[in-house]
>>> print(open('run-v4.cif').read())   # mmCIF, C-alpha atoms and all ligand atoms
data_data
#
loop_
_atom_site.label_atom_id
_atom_site.label_comp_id
_atom_site.auth_asym_id
_atom_site.auth_seq_id
_atom_site.Cartn_x
_atom_site.Cartn_y
_atom_site.Cartn_z
CA MET A 20 -70.27 -38.97 -20.39
CA PRO A 21 -71.01 -40.06 -16.80
CA CYS A 22 -68.31 -42.06 -15.07
CA ARG A 23 -68.96 -44.71 -12.44
CA ALA A 24 -66.28 -45.79 -9.98
CA ILE A 25 -66.37 -49.31 -8.55
CA ALA A 26 -64.05 -50.24 -5.68
CA VAL A 27 -63.29 -53.87 -4.91
CA ALA A 28 -61.90 -53.94 -1.38
CA ASN A 29 -61.30 -56.37 1.44
CA GLN A 30 -58.58 -56.07 4.07
CA LYS A 31 -57.89 -59.79 3.83
CA GLY A 32 -55.62 -61.10 1.08
CA GLY A 33 -56.55 -63.96 -1.20
CA THR A 34 -60.26 -63.23 -1.21
CA GLY A 35 -60.64 -62.69 -4.94
CA LYS A 36 -60.30 -58.90 -5.22
CA THR A 37 -57.98 -59.04 -8.21
CA ALA A 38 -59.88 -61.84 -9.95
CA THR A 39 -63.19 -60.01 -9.43
CA THR A 40 -61.75 -56.72 -10.71
CA LEU A 41 -60.35 -58.38 -13.81
CA SER A 42 -63.61 -60.19 -14.58
CA LEU A 43 -65.68 -57.06 -14.04
CA GLY A 44 -63.39 -54.98 -16.22
CA VAL A 45 -63.36 -57.49 -19.07
CA ALA A 46 -67.14 -57.98 -18.89
CA LEU A 47 -67.80 -54.24 -18.97
CA ALA A 48 -65.38 -53.76 -21.86
CA HIS A 49 -67.16 -56.51 -23.79
CA ARG A 50 -70.38 -54.56 -23.26
CA GLY A 51 -68.80 -51.55 -24.92
CA LYS A 52 -67.86 -49.62 -21.80
CA ARG A 53 -64.59 -47.73 -21.61
CA VAL A 54 -62.85 -49.24 -18.59
CA LEU A 55 -59.93 -48.00 -16.49
CA LEU A 56 -58.67 -50.60 -14.03
CA VAL A 57 -56.53 -49.14 -11.24
CA ASP A 58 -54.15 -51.59 -9.59
CA THR A 59 -53.24 -50.25 -6.14
CA ASP A 60 -51.49 -53.45 -5.06
CA PRO A 61 -47.69 -52.93 -5.09
CA GLN A 62 -47.30 -56.52 -6.25
CA GLY A 63 -49.09 -55.58 -9.46
CA GLY A 64 -51.17 -58.74 -9.75
CA LEU A 65 -53.81 -57.07 -11.90
CA ALA A 66 -51.21 -55.70 -14.32
CA LYS A 67 -49.61 -59.15 -14.48
CA SER A 68 -52.95 -60.76 -15.26
CA LEU A 69 -53.26 -58.37 -18.20
CA SER A 70 -49.87 -59.40 -19.63
CA TRP A 71 -47.54 -56.89 -17.97
CA THR A 72 -45.39 -59.64 -16.56
CA ASP A 73 -42.82 -57.32 -14.94
CA PRO A 74 -44.74 -54.50 -13.17
CA ASP A 75 -41.55 -53.44 -11.38
CA SER A 76 -40.17 -52.26 -14.73
CA LEU A 77 -43.04 -49.79 -15.28
CA GLU A 78 -41.80 -46.21 -15.16
CA THR A 79 -45.03 -44.73 -13.77
CA THR A 80 -47.46 -46.42 -11.38
CA ILE A 81 -50.25 -45.31 -9.09
CA ALA A 82 -47.56 -44.80 -6.42
CA ASN A 83 -46.08 -41.94 -8.48
CA HIS A 84 -49.48 -40.29 -8.77
CA LEU A 85 -50.20 -40.65 -5.05
CA SER A 86 -46.79 -39.17 -4.23
CA ALA A 87 -47.42 -36.25 -6.57
CA VAL A 88 -50.71 -35.48 -4.81
CA ILE A 89 -49.07 -35.70 -1.37
CA GLU A 90 -46.23 -33.42 -2.49
CA GLY A 91 -48.67 -30.99 -4.10
CA GLU A 92 -47.07 -31.51 -7.50
CA GLY A 93 -48.93 -31.40 -10.76
CA ALA A 94 -48.96 -34.55 -12.86
CA ASP A 95 -50.58 -35.70 -16.06
CA PRO A 96 -53.25 -38.18 -14.91
CA ARG A 97 -52.92 -40.05 -18.20
CA GLU A 98 -49.27 -40.84 -17.56
CA GLY A 99 -48.73 -44.51 -16.77
CA ILE A 100 -52.01 -45.73 -18.25
CA LEU A 101 -51.42 -49.04 -20.03
CA LEU A 102 -53.56 -49.67 -23.09
CA THR A 103 -54.73 -53.13 -24.09
N1 LIG A 201 -64.18 -67.33 -8.06
C1 LIG A 201 -63.03 -67.99 -7.86
N2 LIG A 201 -62.98 -69.34 -7.94
C2 LIG A 201 -61.83 -70.00 -7.73
N3 LIG A 201 -60.65 -69.43 -7.46
C3 LIG A 201 -60.64 -68.09 -7.35
C4 LIG A 201 -61.81 -67.30 -7.54
N4 LIG A 201 -61.48 -65.98 -7.37
C5 LIG A 201 -60.17 -65.97 -7.09
N5 LIG A 201 -59.66 -67.23 -7.09
C6 LIG A 201 -58.27 -67.59 -6.81
O1 LIG A 201 -57.99 -67.25 -5.47
C7 LIG A 201 -56.66 -66.74 -5.37
C8 LIG A 201 -56.69 -65.34 -4.76
O2 LIG A 201 -57.43 -64.50 -5.64
P1 LIG A 201 -56.99 -62.98 -5.85
O3 LIG A 201 -57.98 -62.39 -6.80
O4 LIG A 201 -55.55 -62.89 -6.24
O5 LIG A 201 -57.21 -62.41 -4.40
P2 LIG A 201 -56.83 -60.98 -3.79
O6 LIG A 201 -56.64 -60.02 -4.91
O7 LIG A 201 -57.98 -60.64 -2.90
O8 LIG A 201 -55.57 -61.19 -3.01
C9 LIG A 201 -56.07 -66.74 -6.77
O9 LIG A 201 -55.28 -67.90 -6.94
C10 LIG A 201 -57.29 -66.78 -7.66
O10 LIG A 201 -57.01 -67.42 -8.89
MG MG A 202 -54.91 -58.86 -5.43
#
>>> encode(input="run-v4.cif", output="C-alpha cells")
Amino acid sequence: MPCRAIAVANQKGGTGKTATTLSLGVALAHRGKRVLLVDTDPQGGLAKSLSWTDPDSLETTIANHLSAVIEGEGADPREGILLT
C-alpha cells in the first residue's frame, strides 16, 4: 500500500502547525486512511490534544528513535506508537 508523508512546518511558533496536523489527521482517518501522526515538538502538544495529557511520562518518544539513529543502534520503529 503506498504511503504518503505530509510535513507541516513553519519556523515560527503559534502559526497553527499542531492544529492543522490534528485536523488533517482526523479528517484523513474519517476517510478511512490509516494515519500516523508524528509529534516532533518536545512539548508534546499534538499528543496532549489526542488525550495524552502527560507526554513527559511516555517511555518512548521520537527523541529516542532519533537518538538510536544517531548512535547507529537498531530500534523497533513501532515502539512508542500510541493507538487511539
Ligand atoms: N484556524 C485557527 N483558527 C483559530 N485559532 C487557531 C487556528 N489554528 C490554530 N489556532 C490556535 O492558535 C494557537 C497556536 O496554534 P498551534 O497549532 O498550537 O500552533 P503551532 O503548533 O504552530 O505552535 C492555538 O491556541 C490554536 O488553538
Ligand atoms: Mg505545535
>>> residues_near_ligand(input="run-v4.cif", ligand="ligand MG 202 (chain A)", cutoff="7 Å", atoms="all atoms listed in the file", output="list in words")
Gly32, Gly33, Gly35, Lys36, Thr37, Asp60, Gly64 and Leu65 of chain A
>>> residues_near_ligand(input="run-v4.cif", ligand="ligand LIG 201 (chain A)", cutoff="12 Å", atoms="only C-alpha atoms and all ligand atoms", output="ChimeraX atom specification")
/A:27-43,58-68
>>> closest_residue(input="run-v4.cif", among="A:Leu69, A:Glu78, A:Ala24, A:Asn83", to="Val45 of chain A", atoms="only C-alpha atoms")
A:Leu69
>>> atom_distance(input="run-v4.cif", atom1="atom CA of Glu92 of chain A", atom2="atom CA of Cys22 of chain A")
24.9 Å
>>> closest_residue(input="run-v4.cif", among="A:Leu77, A:Ala26, A:Met20, A:Val88", to="Lys52 of chain A", atoms="all atoms listed in the file")
A:Met20
>>> atom_distance(input="run-v4.cif", atom1="atom CA of Gly91 of chain A", atom2="atom CA of Leu55 of chain A")
23.9 Å
>>> atom_distance(input="run-v4.cif", atom1="atom CA of Pro96 of chain A", atom2="atom CA of Ile25 of chain A")
18.3 Å
>>> build_atoms(input="run-v4.cif", residues="segment 29-40 of chain A", atoms="N, CA and C atoms", output="PDB file, in the coordinates of the input")
ATOM      1  N   ASN A  29     -61.185 -55.480   0.290  1.00  0.00           N
ATOM      2  CA  ASN A  29     -61.300 -56.370   1.440  1.00  0.00           C
ATOM      3  C   ASN A  29     -59.931 -56.354   2.105  1.00  0.00           C
ATOM      4  N   GLN A  30     -59.889 -56.181   3.430  1.00  0.00           N
ATOM      5  CA  GLN A  30     -58.580 -56.070   4.070  1.00  0.00           C
ATOM      6  C   GLN A  30     -57.821 -57.400   4.050  1.00  0.00           C
ATOM      7  N   LYS A  31     -58.544 -58.486   3.839  1.00  0.00           N
ATOM      8  CA  LYS A  31     -57.890 -59.790   3.830  1.00  0.00           C
ATOM      9  C   LYS A  31     -57.357 -60.111   2.436  1.00  0.00           C
ATOM     10  N   GLY A  32     -56.198 -60.685   2.349  1.00  0.00           N
ATOM     11  CA  GLY A  32     -55.620 -61.100   1.080  1.00  0.00           C
ATOM     12  C   GLY A  32     -56.230 -62.414   0.618  1.00  0.00           C
ATOM     13  N   GLY A  33     -56.114 -62.679  -0.661  1.00  0.00           N
ATOM     14  CA  GLY A  33     -56.550 -63.960  -1.200  1.00  0.00           C
ATOM     15  C   GLY A  33     -58.038 -64.172  -1.224  1.00  0.00           C
ATOM     16  N   THR A  34     -58.799 -63.096  -1.239  1.00  0.00           N
ATOM     17  CA  THR A  34     -60.260 -63.230  -1.210  1.00  0.00           C
ATOM     18  C   THR A  34     -60.908 -62.978  -2.573  1.00  0.00           C
ATOM     19  N   GLY A  35     -60.082 -62.822  -3.598  1.00  0.00           N
ATOM     20  CA  GLY A  35     -60.640 -62.690  -4.940  1.00  0.00           C
ATOM     21  C   GLY A  35     -60.817 -61.269  -5.424  1.00  0.00           C
ATOM     22  N   LYS A  36     -60.163 -60.303  -4.784  1.00  0.00           N
ATOM     23  CA  LYS A  36     -60.300 -58.900  -5.220  1.00  0.00           C
ATOM     24  C   LYS A  36     -59.776 -58.733  -6.653  1.00  0.00           C
ATOM     25  N   THR A  37     -58.581 -59.224  -6.890  1.00  0.00           N
ATOM     26  CA  THR A  37     -57.980 -59.040  -8.210  1.00  0.00           C
ATOM     27  C   THR A  37     -58.768 -59.791  -9.264  1.00  0.00           C
ATOM     28  N   ALA A  38     -59.134 -61.031  -8.967  1.00  0.00           N
ATOM     29  CA  ALA A  38     -59.880 -61.840  -9.950  1.00  0.00           C
ATOM     30  C   ALA A  38     -61.225 -61.183 -10.254  1.00  0.00           C
ATOM     31  N   THR A  39     -61.900 -60.673  -9.229  1.00  0.00           N
ATOM     32  CA  THR A  39     -63.190 -60.010  -9.430  1.00  0.00           C
ATOM     33  C   THR A  39     -63.034 -58.752 -10.274  1.00  0.00           C
ATOM     34  N   THR A  40     -61.999 -57.962  -9.970  1.00  0.00           N
ATOM     35  CA  THR A  40     -61.750 -56.720 -10.710  1.00  0.00           C
ATOM     36  C   THR A  40     -61.483 -57.011 -12.181  1.00  0.00           C
TER      37      THR A  40
END
